[in-house]
Amino acid sequence: MSIYKIYHQHHFVISRVYKYILIFQIEMPKVKKPKKQNLDFKTLGENNVQVQVPPFRLQNVVSTFSLGVSGLNLHKIALDYKCLEFNPQNFAAATMRTTEPRTTALAFASGNMVVTGSKSTMEARLAARKYVRIFQKLGIPVMFRNFEIQNVVASANAGFPIKLKDIADKFGLYVSFTPDLFPGLIFRSINPKLVFLIFRSGKIVITGARNVQDIKMTYESLYRNILVNFRDEKGAPTSSSQYRNLLRSERDTSDL
């Protein structure tokens, strides 16, 4: 058989295969992956009501408020007074600080301010009023308006190692767990809307709350109804790296 005929036979076969592949791709319906969902913690039953829940601690309260003015000349204020740090080449806001309570604030030319570092909502309000008072002492006519809590961050410790992989397997639609990228498991709730970062060691970071009551209710429900059911045995490795290596070895073994 000549090389010319062999080439045309192979070309015909390849073209037919490619045609069937295209038809298969067109006719086969696309399978939609389930979207990540949020869990309503108010619908969870109290399976372990008698379990004593470890306390949580507030780490940071982020609040915002308005000075009631617009067009603040931050550059002039920073040159005339030392209470502001302003470098417009790096950031559009000026930085201010208070020592009692220990907070940091960002002041924008629009008159809006963001306060971080407070350990309670009361401290956040007190710090905001102190920043207003600082501007008033400088002779700038400002007022305290539209104060709001934007985010409350808390932390807790379950006191035992947690089977993060088992939680991810059971609550797959509500969590994100990729230990090769991030050691913690991300658990989201919708009512109230919070985010939990749960680590192998049992440490928990709670963020996204607007008030302390939401944190208390959701954290206690998470602990009683989920975490205590995925407690790992005593003496199990608590290090995130060791746990990641353990999951890798189990995955590699299962592939054999």
# chains A, B, ... in the order shown; residues from 1 in each chain; ligands from 1

$ select_by_dssp --residues "region 17-241 of chain A" --states "helix (DSSP H, G or I)" --output "ChimeraX atom specification"
/A:17-27,41-43,74-80,121-137,164-170,212-225,227-230,240-241

$ residues_around --residues "region 157-172 of chain A" --least-positions-apart "2" --cutoff "6 Å" --atoms "only C-alpha atoms" --output "JSON, numbers by chain"
{"A": [174, 175, 200, 201, 202, 203, 204, 230, 231, 232, 238]}

$ residues_around --residues "region 79-94 of chain A" --least-positions-apart "6" --cutoff "12 Å" --atoms "only C-alpha atoms" --output "VMD selection string"
chain A and resid 72 to 73 104 to 115 131 134 to 135 137 to 139

$ select_by_dssp --residues "region 97-204 of chain A" --states "strand (DSSP E)" --output "count of residues only"
45

$ decode --residues "region 192-207 of chain A" --atoms "N, CA and C atoms" --output "compact mmCIF listing (two decimals), in the first residue's frame"
# COMPACT_ATOMS: atom_id res chain seq x y z
N PRO A 192 -27.56 33.11 62.02
CA PRO A 192 -27.03 34.34 61.41
C PRO A 192 -25.88 34.05 60.46
N LYS A 193 -25.51 35.04 59.67
CA LYS A 193 -24.49 34.86 58.64
C LYS A 193 -23.11 35.06 59.25
N LEU A 194 -22.45 33.95 59.55
CA LEU A 194 -21.12 33.97 60.15
C LEU A 194 -20.20 33.02 59.41
N VAL A 195 -18.91 33.17 59.65
CA VAL A 195 -17.91 32.27 59.09
C VAL A 195 -17.05 31.75 60.23
N PHE A 196 -16.90 30.41 60.28
CA PHE A 196 -16.05 29.77 61.29
C PHE A 196 -14.82 29.19 60.61
N LEU A 197 -13.65 29.50 61.14
CA LEU A 197 -12.41 28.86 60.72
C LEU A 197 -12.03 27.86 61.80
N ILE A 198 -12.14 26.58 61.47
CA ILE A 198 -11.92 25.51 62.45
C ILE A 198 -10.61 24.81 62.11
N PHE A 199 -9.74 24.69 63.10
CA PHE A 199 -8.42 24.10 62.88
C PHE A 199 -8.32 22.75 63.59
N ARG A 200 -7.39 21.96 63.13
CA ARG A 200 -7.20 20.60 63.65
C ARG A 200 -6.99 20.60 65.15
N SER A 201 -6.27 21.56 65.69
CA SER A 201 -5.96 21.60 67.11
C SER A 201 -7.18 21.88 67.98
N GLY A 202 -8.28 22.29 67.37
CA GLY A 202 -9.47 22.65 68.12
C GLY A 202 -9.69 24.14 68.24
N LYS A 203 -8.74 24.92 67.76
CA LYS A 203 -8.90 26.37 67.80
C LYS A 203 -9.89 26.82 66.74
N ILE A 204 -10.66 27.84 67.08
CA ILE A 204 -11.74 28.31 66.22
C ILE A 204 -11.67 29.84 66.13
N VAL A 205 -11.83 30.36 64.93
CA VAL A 205 -11.93 31.80 64.72
C VAL A 205 -13.31 32.08 64.13
N ILE A 206 -14.02 33.02 64.71
CA ILE A 206 -15.38 33.36 64.29
C ILE A 206 -15.37 34.79 63.77
N THR A 207 -15.89 35.00 62.57
CA THR A 207 -15.89 36.32 61.98
C THR A 207 -17.19 36.55 61.20
